[in-house]
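**Q** Contents are PDB, C-alpha atoms; file name protein.pdb:
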ATOM      1  CA  SER A   1       3.496  12.291 -19.402
ATOM      2  CA  PRO A   2       4.493  10.980 -15.945
ATOM      3  CA  THR A   3       7.753  12.089 -14.403
ATOM      4  CA  GLN A   4      10.518   9.595 -13.644
ATOM      5  CA  ALA A   5       9.833  10.121  -9.944
ATOM      6  CA  LEU A   6       6.215   9.022 -10.426
ATOM      7  CA  LEU A   7       7.261   6.041 -12.554
ATOM      8  CA  ASP A   8       9.656   4.983  -9.804
ATOM      9  CA  ALA A   9       6.880   5.153  -7.191
ATOM     10  CA  ALA A  10       4.583   3.189  -9.506
ATOM     11  CA  ASN A  11       7.227   0.473  -9.820
ATOM     12  CA  SER A  12       7.205   0.133  -6.025
ATOM     13  CA  THR A  13       3.422  -0.416  -5.973
ATOM     14  CA  VAL A  14       2.168  -4.019  -5.926
ATOM     15  CA  GLN A  15      -1.078  -5.934  -5.836
ATOM     16  CA  LEU A  16      -1.461  -8.514  -3.056
ATOM     17  CA  LEU A  17      -3.559 -11.674  -3.381
ATOM     18  CA  ILE A  18      -4.208 -12.973   0.132
ATOM     19  CA  THR A  19      -5.746 -16.333   1.101
ATOM     20  CA  ARG A  20      -8.067 -16.086   4.099
ATOM     21  CA  PRO A  21      -8.089 -18.651   6.929
ATOM     22  CA  GLY A  22     -10.868 -21.119   6.299
ATOM     23  CA  GLY A  23     -11.103 -20.260   2.599
ATOM     24  CA  GLY A  24     -11.687 -17.319   0.356
ATOM     25  CA  SER A  25      -9.283 -14.627  -0.715
ATOM     26  CA  ALA A  26      -8.809 -10.876  -0.673
ATOM     27  CA  LEU A  27      -7.080  -8.318  -2.876
ATOM     28  CA  CYS A  28      -5.163  -5.363  -1.489
ATOM     29  CA  SER A  29      -2.440  -2.970  -2.543
ATOM     30  CA  GLY A  30       0.979  -2.396  -1.029
ATOM     31  CA  THR A  31       4.328  -0.676  -1.434
ATOM     32  CA  ILE A  32       7.795  -2.221  -1.625
ATOM     33  CA  LEU A  33      10.081  -0.249   0.692
ATOM     34  CA  ASN A  34      13.790   0.342   0.900
ATOM     35  CA  ASP A  35      15.692   0.102   4.181
ATOM     36  CA  THR A  36      18.454   2.288   5.593
ATOM     37  CA  GLN A  37      21.338  -0.006   4.591
ATOM     38  CA  PRO A  38      22.772   0.812   1.142
ATOM     39  CA  GLY A  39      22.839  -2.103  -1.270
ATOM     40  CA  THR A  40      20.747  -4.614   0.690
ATOM     41  CA  GLN A  41      17.719  -4.619  -1.664
ATOM     42  CA  ILE A  42      15.557  -6.440   0.916
ATOM     43  CA  PRO A  43      11.945  -6.140  -0.338
ATOM     44  CA  TYR A  44       9.831  -4.993   2.598
ATOM     45  CA  ILE A  45       6.070  -4.579   2.091
ATOM     46  CA  TYR A  46       3.995  -1.847   3.717
ATOM     47  CA  THR A  47       0.214  -2.329   3.573
ATOM     48  CA  ALA A  48      -2.924  -2.095   5.724
ATOM     49  CA  ASN A  49      -3.420  -4.373   8.732
ATOM     50  CA  HIS A  50      -7.067  -5.013   7.847
ATOM     51  CA  CYS A  51      -5.948  -6.706   4.625
ATOM     52  CA  LEU A  52      -4.834  -9.701   6.716
ATOM     53  CA  GLU A  53      -6.752  -9.141   9.944
ATOM     54  CA  ALA A  54     -10.063 -10.695  11.030
ATOM     55  CA  ASP A  55     -13.138  -8.512  10.420
ATOM     56  CA  SER A  56     -14.142  -8.640  14.085
ATOM     57  CA  PRO A  57     -12.889 -10.035  17.419
ATOM     58  CA  PRO A  58     -11.173 -12.315  18.206
ATOM     59  CA  TYR A  59      -8.352 -10.782  16.185
ATOM     60  CA  HIS A  60      -5.511 -12.858  14.815
ATOM     61  CA  PRO A  61      -2.449 -13.696  16.935
ATOM     62  CA  ALA A  62       0.992 -13.356  15.370
ATOM     63  CA  ALA A  63       1.103 -17.033  14.383
ATOM     64  CA  MET A  64      -2.105 -16.672  12.369
ATOM     65  CA  MET A  65      -0.806 -13.468  10.766
ATOM     66  CA  GLN A  66       2.272 -15.411   9.665
ATOM     67  CA  GLU A  67       0.128 -18.190   8.204
ATOM     68  CA  ILE A  68      -1.792 -15.642   6.147
ATOM     69  CA  ALA A  69       1.361 -13.769   5.135
ATOM     70  CA  SER A  70       2.824 -17.035   3.844
ATOM     71  CA  SER A  71      -0.113 -17.297   1.420
ATOM     72  CA  ILE A  72       0.476 -13.948  -0.290
ATOM     73  CA  SER A  73       1.099 -13.733  -4.009
ATOM     74  CA  THR A  74       2.631 -10.404  -5.050
ATOM     75  CA  PHE A  75       1.991  -8.898  -8.489
ATOM     76  CA  PHE A  76       4.497  -6.423  -9.960
ATOM     77  CA  PHE A  77       4.031  -4.179 -13.017
ATOM     78  CA  PHE A  78       0.276  -4.841 -13.320
ATOM     79  CA  ASP A  79      -0.013  -1.570 -15.250
ATOM     80  CA  ALA A  80      -1.853  -0.336 -18.315
ATOM     81  CA  VAL A  81       0.302  -0.841 -21.414
ATOM     82  CA  ALA A  82      -0.991   2.476 -22.820
ATOM     83  CA  CYS A  83      -3.524   5.161 -21.945
ATOM     84  CA  ASN A  84      -7.119   3.843 -22.149
ATOM     85  CA  SER A  85      -5.845   0.313 -22.808
ATOM     86  CA  PHE A  86      -7.305  -2.731 -21.039
ATOM     87  CA  ALA A  87      -4.766  -5.168 -22.483
ATOM     88  CA  THR A  88      -3.112  -7.567 -20.064
ATOM     89  CA  PRO A  89       0.387  -6.272 -19.276
ATOM     90  CA  ASN A  90       3.587  -8.296 -18.899
ATOM     91  CA  TYR A  91       3.303  -8.490 -15.132
ATOM     92  CA  VAL A  92       5.424 -10.580 -12.755
ATOM     93  CA  GLN A  93       3.836 -12.723 -10.031
ATOM     94  CA  LYS A  94       5.831 -13.882  -7.006
ATOM     95  CA  PHE A  95       4.353 -16.872  -5.162
ATOM     96  CA  GLY A  96       6.743 -17.172  -2.203
ATOM     97  CA  GLY A  97       4.634 -15.399   0.396
ATOM     98  CA  ALA A  98       6.010 -13.080   3.044
ATOM     99  CA  THR A  99       7.378 -13.020   6.572
ATOM    100  CA  TYR A 100       5.228 -11.196   9.116
ATOM    101  CA  LEU A 101       7.219  -8.538  10.963
ATOM    102  CA  SER A 102       4.871  -6.082  12.634
ATOM    103  CA  SER A 103       1.330  -4.701  12.591
ATOM    104  CA  ASP A 104      -1.024  -2.549  14.608
ATOM    105  CA  LEU A 105      -4.801  -2.907  14.778
ATOM    106  CA  ALA A 106      -5.486   0.655  15.938
ATOM    107  CA  GLN A 107      -3.129   2.289  13.421
ATOM    108  CA  ASP A 108      -4.058  -0.176  10.650
ATOM    109  CA  PHE A 109      -0.553  -0.816   9.351
ATOM    110  CA  MET A 110       1.183  -4.036   8.361
ATOM    111  CA  PHE A 111       4.910  -4.536   7.770
ATOM    112  CA  LEU A 112       6.106  -7.653   5.934
ATOM    113  CA  ARG A 113       9.196  -8.929   4.158
ATOM    114  CA  MET A 114       8.840 -10.757   0.873
ATOM    115  CA  ASN A 115      10.280 -14.259   0.876
ATOM    116  CA  ASP A 116      11.277 -13.780  -2.787
ATOM    117  CA  TRP A 117      13.527 -11.086  -4.187
ATOM    118  CA  ALA A 118      11.737  -8.329  -6.045
ATOM    119  CA  PRO A 119      12.015  -8.741  -9.838
ATOM    120  CA  ASP A 120      14.310  -6.663 -12.035
ATOM    121  CA  GLY A 121      12.772  -3.258 -12.649
ATOM    122  CA  ALA A 122      11.007  -3.047  -9.303
ATOM    123  CA  TYR A 123      11.709   0.068  -7.251
ATOM    124  CA  LEU A 124      12.201   0.093  -3.488
ATOM    125  CA  ALA A 125      10.513   3.280  -2.343
ATOM    126  CA  GLY A 126      11.927   5.710   0.149
ATOM    127  CA  TRP A 127       9.829   6.739   3.118
ATOM    128  CA  ASP A 128       9.328   9.541   5.624
ATOM    129  CA  ALA A 129       7.917   8.646   9.045
ATOM    130  CA  ASN A 130       7.582  12.253  10.205
ATOM    131  CA  PRO A 131       3.970  13.341  10.789
ATOM    132  CA  PHE A 132       2.258  15.814   8.502
ATOM    133  CA  THR A 133       2.335  19.279  10.022
ATOM    134  CA  PHE A 134      -0.230  21.110   7.908
ATOM    135  CA  THR A 135      -3.249  20.524   5.693
ATOM    136  CA  ASN A 136      -3.414  20.939   1.915
ATOM    137  CA  THR A 137      -0.176  19.025   1.415
ATOM    138  CA  PRO A 138      -0.327  17.567  -2.134
ATOM    139  CA  ILE A 139      -0.420  13.754  -2.155
ATOM    140  CA  VAL A 140      -0.409  10.919  -4.676
ATOM    141  CA  VAL A 141      -1.979   7.507  -4.052
ATOM    142  CA  LEU A 142      -0.969   4.459  -6.131
ATOM    143  CA  HIS A 143      -3.199   1.407  -5.858
ATOM    144  CA  HIS A 144      -5.084  -1.482  -7.501
ATOM    145  CA  PRO A 145      -8.848  -0.886  -7.076
ATOM    146  CA  TYR A 146     -10.859  -4.122  -7.220
ATOM    147  CA  GLY A 147      -7.700  -5.903  -8.381
ATOM    148  CA  ASP A 148      -7.645  -3.761 -11.533
ATOM    149  CA  LEU A 149      -4.655  -2.326 -13.344
ATOM    150  CA  LYS A 150      -2.623   0.129 -11.268
ATOM    151  CA  LYS A 151      -4.260   3.521 -10.771
ATOM    152  CA  TYR A 152      -3.152   7.024  -9.835
ATOM    153  CA  THR A 153      -5.214   9.219  -7.512
ATOM    154  CA  GLY A 154      -4.232  12.768  -6.620
ATOM    155  CA  GLY A 155      -5.375  15.220  -3.979
ATOM    156  CA  VAL A 156      -4.422  16.907  -0.718
ATOM    157  CA  MET A 157      -4.320  16.150   2.985
ATOM    158  CA  SER A 158      -7.474  17.846   4.223
ATOM    159  CA  GLY A 159      -7.736  17.148   7.945
ATOM    160  CA  LEU A 160      -7.352  14.772  10.842
ATOM    161  CA  ASP A 161     -10.083  12.367  12.003
ATOM    162  CA  LEU A 162     -10.464  10.220  15.119
ATOM    163  CA  LEU A 163     -12.061   6.891  14.229
ATOM    164  CA  ASP A 164     -13.966   4.286  16.222
ATOM    165  CA  ALA A 165     -12.438   0.995  17.333
ATOM    166  CA  PRO A 166     -10.684  -0.992  16.115
ATOM    167  CA  ARG A 167      -9.043   1.876  14.141
ATOM    168  CA  SER A 168      -8.833   4.006  17.254
ATOM    169  CA  ALA A 169      -5.259   5.322  17.077
ATOM    170  CA  PRO A 170      -5.024   8.250  19.526
ATOM    171  CA  THR A 171      -3.065  10.220  16.938
ATOM    172  CA  GLY A 172      -5.983   9.905  14.502
ATOM    173  CA  TYR A 173      -5.981   9.378  10.742
ATOM    174  CA  TRP A 174      -5.206  11.925   8.076
ATOM    175  CA  ARG A 175      -8.094  12.489   5.689
ATOM    176  CA  THR A 176      -7.313  12.923   1.998
ATOM    177  CA  SER A 177      -9.548  14.765  -0.462
ATOM    178  CA  TYR A 178      -9.157  13.768  -4.101
ATOM    179  CA  ASP A 179      -9.318  16.038  -7.135
ATOM    180  CA  GLN A 180      -8.133  13.405  -9.614
ATOM    181  CA  GLY A 181      -9.315   9.800  -9.552
ATOM    182  CA  ILE A 182     -10.907   7.784  -6.744
ATOM    183  CA  THR A 183     -10.112   4.770  -4.542
ATOM    184  CA  GLU A 184     -12.215   1.612  -4.100
ATOM    185  CA  PHE A 185     -12.138  -1.817  -2.470
ATOM    186  CA  GLY A 186      -8.763  -3.362  -3.238
ATOM    187  CA  SER A 187      -7.122   0.051  -2.930
ATOM    188  CA  SER A 188      -6.618  -0.644   0.783
ATOM    189  CA  GLY A 189      -2.962  -0.599   1.717
ATOM    190  CA  GLY A 190      -2.053   1.457  -1.345
ATOM    191  CA  GLY A 191       0.794   3.878  -0.758
ATOM    192  CA  LEU A 192       0.258   7.550  -0.019
ATOM    193  CA  PHE A 193       3.229   9.541  -1.353
ATOM    194  CA  THR A 194       4.484  13.093  -1.149
ATOM    195  CA  LEU A 195       7.184  14.700  -3.268
ATOM    196  CA  SER A 196      10.475  15.394  -1.472
ATOM    197  CA  SER A 197      13.716  16.533  -3.131
ATOM    198  CA  GLY A 198      12.499  15.327  -6.509
ATOM    199  CA  GLN A 199      11.409  11.848  -5.367
ATOM    200  CA  TYR A 200       8.110  10.465  -4.125
ATOM    201  CA  VAL A 201       8.416   9.048  -0.608
ATOM    202  CA  LEU A 202       5.889   6.903   1.236
ATOM    203  CA  ARG A 203       4.028   8.626   4.083
ATOM    204  CA  GLY A 204       1.340   6.033   4.873
ATOM    205  CA  SER A 205      -1.281   3.771   3.315
ATOM    206  CA  LEU A 206      -5.001   3.779   2.587
ATOM    207  CA  SER A 207      -7.178   2.584   5.439
ATOM    208  CA  THR A 208     -10.857   3.526   5.103
ATOM    209  CA  GLY A 209     -13.267   6.088   3.720
ATOM    210  CA  ASN A 210     -15.552   6.733   0.755
ATOM    211  CA  ILE A 211     -14.402   6.698  -2.860
ATOM    212  CA  PHE A 212     -13.620  10.410  -2.926
ATOM    213  CA  GLN A 213     -11.649  10.579   0.305
ATOM    214  CA  CYS A 214      -9.775   8.095   2.418
ATOM    215  CA  GLY A 215      -8.132   7.914   5.827
TER     216      GLY A 215
END
Write out the structure in this file as structure tokens.

**A**
Amino acid sequence: SPTQALLDAANSTVQLLITRPGGGSALCSGTILNDTQPGTQIPYIYTANHCLEADSPPYHPAAMMQEIASSISTFFFFDAVACNSFATPNYVQKFGGATYLSSDLAQDFMFLRMNDWAPDGAYLAGWDANPFTFTNTPIVVLHHPYGDLKKYTGGVMSGLDLLDAPRSAPTGYWRTSYDQGITEFGSSGGGLFTLSSGQYVLRGSLSTGNIFQCG
């Protein structure tokens, strides 16, 4: 059975329904983050930039990013009610959109603040911004592939890759190799966690890759 630490991380994992400019929609995953001020409970969202960004140049200015962020519906607790069950869970949907705070095309991250409060039972995840210092670090990824019920994927950090533009961060992207589960479209932005002092903390989010490894 899952540990309480894993259940807490799962309760910080959300599905994002995003309306595209000019029509159409997209599904991504994200993580609700805590801040450094005790008791504030401000629900920040960490996800992938490409979830809101244009597929090719010209890329969106901040005003367009805000317009898209305002369209976001956030789904909490979209989890399986039991192992091997496909029943619809008692999820919570928040329609209030988000405030755009920061993003980076090359590093493929997006930082938002929900305009609603997170519902009761949601968990605001801790985070660690320090870089990984060695390979084979165990990791857990929590995500919503193809808009499906929340999934767990496990593996290790297996190397560092330099990617082509627009994801051309000079520091590169960590590659993960999975030994349990996979990731798919819709998993983008899902949180990558490591265990620290008995709690799972966010270290980054899914960006790109095949179904058995992701950057």

**Q** So, with only C-alpha atoms as the atoms that count, which of A:Asn130, A:Thr88, A:Ser56, A:Ser29 lies closest to Pro145 of chain A?

**A**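 That would be A:Ser29, the residue with the smallest distance to Pro145 of chain A.
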
**Q** Evaluate the PyMOL selection byres ((chain A and resi 96) around 8) here and jot the selected residues down as a ChimeraX atom specification.

**A** /A:70-73,94-95,97-98,114-116

**Q** Got a sec to resolve the PyMOL selection byres ((chain A and resi 9-21) around 8) on this structure and send the residues as a PDB file with C-alpha atoms, keeping the file's coordinate frame?

**A**
ATOM      1  CA  ALA A   5       9.833  10.121  -9.944  1.00  0.00           C
ATOM      2  CA  LEU A   6       6.215   9.022 -10.426  1.00  0.00           C
ATOM      3  CA  LEU A   7       7.261   6.041 -12.554  1.00  0.00           C
ATOM      4  CA  ASP A   8       9.656   4.983  -9.804  1.00  0.00           C
ATOM      5  CA  GLY A  22     -10.868 -21.119   6.299  1.00  0.00           C
ATOM      6  CA  GLY A  23     -11.103 -20.260   2.599  1.00  0.00           C
ATOM      7  CA  GLY A  24     -11.687 -17.319   0.356  1.00  0.00           C
ATOM      8  CA  SER A  25      -9.283 -14.627  -0.715  1.00  0.00           C
ATOM      9  CA  ALA A  26      -8.809 -10.876  -0.673  1.00  0.00           C
ATOM     10  CA  LEU A  27      -7.080  -8.318  -2.876  1.00  0.00           C
ATOM     11  CA  CYS A  28      -5.163  -5.363  -1.489  1.00  0.00           C
ATOM     12  CA  SER A  29      -2.440  -2.970  -2.543  1.00  0.00           C
ATOM     13  CA  GLY A  30       0.979  -2.396  -1.029  1.00  0.00           C
ATOM     14  CA  THR A  31       4.328  -0.676  -1.434  1.00  0.00           C
ATOM     15  CA  ILE A  32       7.795  -2.221  -1.625  1.00  0.00           C
ATOM     16  CA  LEU A  33      10.081  -0.249   0.692  1.00  0.00           C
ATOM     17  CA  CYS A  51      -5.948  -6.706   4.625  1.00  0.00           C
ATOM     18  CA  LEU A  52      -4.834  -9.701   6.716  1.00  0.00           C
ATOM     19  CA  ILE A  68      -1.792 -15.642   6.147  1.00  0.00           C
ATOM     20  CA  ALA A  69       1.361 -13.769   5.135  1.00  0.00           C
ATOM     21  CA  SER A  71      -0.113 -17.297   1.420  1.00  0.00           C
ATOM     22  CA  ILE A  72       0.476 -13.948  -0.290  1.00  0.00           C
ATOM     23  CA  SER A  73       1.099 -13.733  -4.009  1.00  0.00           C
ATOM     24  CA  THR A  74       2.631 -10.404  -5.050  1.00  0.00           C
ATOM     25  CA  PHE A  75       1.991  -8.898  -8.489  1.00  0.00           C
ATOM     26  CA  PHE A  76       4.497  -6.423  -9.960  1.00  0.00           C
ATOM     27  CA  PHE A  77       4.031  -4.179 -13.017  1.00  0.00           C
ATOM     28  CA  PHE A  78       0.276  -4.841 -13.320  1.00  0.00           C
ATOM     29  CA  GLY A 121      12.772  -3.258 -12.649  1.00  0.00           C
ATOM     30  CA  ALA A 122      11.007  -3.047  -9.303  1.00  0.00           C
ATOM     31  CA  TYR A 123      11.709   0.068  -7.251  1.00  0.00           C
ATOM     32  CA  LEU A 124      12.201   0.093  -3.488  1.00  0.00           C
ATOM     33  CA  ALA A 125      10.513   3.280  -2.343  1.00  0.00           C
ATOM     34  CA  LEU A 142      -0.969   4.459  -6.131  1.00  0.00           C
ATOM     35  CA  HIS A 143      -3.199   1.407  -5.858  1.00  0.00           C
ATOM     36  CA  HIS A 144      -5.084  -1.482  -7.501  1.00  0.00           C
ATOM     37  CA  GLY A 147      -7.700  -5.903  -8.381  1.00  0.00           C
ATOM     38  CA  GLY A 190      -2.053   1.457  -1.345  1.00  0.00           C
ATOM     39  CA  GLY A 191       0.794   3.878  -0.758  1.00  0.00           C
ATOM     40  CA  TYR A 200       8.110  10.465  -4.125  1.00  0.00           C
ATOM     41  CA  VAL A 201       8.416   9.048  -0.608  1.00  0.00           C
TER      42      VAL A 201
END

**Q** Figure out the distance between atom CA of Arg113 of chain A and atom CA of Tyr91 of chain A, please, to one decimal in Å.

**A**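 It comes out at 20.2 Å.
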
**Q** Around (-16.5, 7.5, 12.6) in the file's frame, which residues reach within 12 Å when counting all atoms listed in the file? Return as a ChimeraX atom specification?

**A** /A:160-168,172-173,175,208-210,215

**Q** Filtering to C-alpha atoms, could you give me those residues as a compact mmCIF listing (two decimals), keeping the file's coordinate frame?

**A**
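What follows is the written file result04.txt:
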# COMPACT_ATOMS: atom_id res chain seq x y z
CA LEU A 160 -7.35 14.77 10.84
CA ASP A 161 -10.08 12.37 12.00
CA LEU A 162 -10.46 10.22 15.12
CA LEU A 163 -12.06 6.89 14.23
CA ASP A 164 -13.97 4.29 16.22
CA ALA A 165 -12.44 1.00 17.33
CA PRO A 166 -10.68 -0.99 16.11
CA ARG A 167 -9.04 1.88 14.14
CA SER A 168 -8.83 4.01 17.25
CA GLY A 172 -5.98 9.90 14.50
CA TYR A 173 -5.98 9.38 10.74
CA ARG A 175 -8.09 12.49 5.69
CA THR A 208 -10.86 3.53 5.10
CA GLY A 209 -13.27 6.09 3.72
CA ASN A 210 -15.55 6.73 0.76
CA GLY A 215 -8.13 7.91 5.83

**Q** Extract, using only C-alpha atoms, all DNA, RNA and protein residues at most 12 Å from Asn84 of chain A, discarding same-chain residues fewer than 3 positions from it, and format them as a list of chain:residue names.

**A**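 Contacts, in chain order: A:Asp79, A:Ala80, A:Val81, A:Ala87, A:Leu149, A:Lys151.
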
**Q** Report, in Å with one decimal, the straight-line distance from atom CA of Leu112 of chain A to atom CA of Ser158 of chain A.

**A**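 Answer for the atom CA of Leu112 of chain A to atom CA of Ser158 of chain A separation: 28.9 Å.
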
**Q** Could you check which of A:Pro2, A:Lys150, A:Pro58, A:Ser103 is closest to Phe86 of chain A, using all atoms listed in the file?

**A**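 For Phe86 of chain A, the nearest of the given residues is A:Lys150.
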
**Q** Suppose you want the space between atom CA of Thr153 of chain A and atom CA of Leu192 of chain A; what is it in Å?

**A** 9.4 Å

**Q** I need the residue nearest Ser177 of chain A from this list: A:Pro89, A:Leu101, A:Phe193, A:Met157. Use all atoms listed in the file for the distance.

**A** A:Met157

**Q** Which residues come within 10 Å of Pro131 of chain A, counting all atoms listed in the file, excluding same-chain residues fewer than 5 positions away, as number ranges by chain?

**A** A: 171, 174, 203-204

**Q** Hey, which of A:Val156, A:Ile42, A:Gly189, A:Tyr59 ends up closest to Thr135 of chain A? Count all atoms listed in the file.

**A**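 Closest candidate: A:Val156.
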
**Q** Would you place a box with edges along x, y and z of the file around all atoms of segment 112-117 of chain A listed there, add 8 Å to each of its six sides, and report the centre and edge lengths in Å to one decimal, as JSON?

**A**
{"center_x": 9.8, "center_y": -11.0, "center_z": 0.9, "size_x": 23.4, "size_y": 22.6, "size_z": 26.1}

**Q** Hey, which of A:Thr99, A:Gln180, A:Gln93, A:Thr40 ends up closest to Val140 of chain A? Count only C-alpha atoms.

**A**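 Checking each candidate against Val140 of chain A, we get A:Gln180 as the closest.
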
**Q** Identify which of the residues A:Val92, A:Met65, A:Ala129, A:Ile182 lies closest to Asn49 of chain A, counting all atoms listed in the file when measuring atom-to-atom distances.

**A** A:Met65
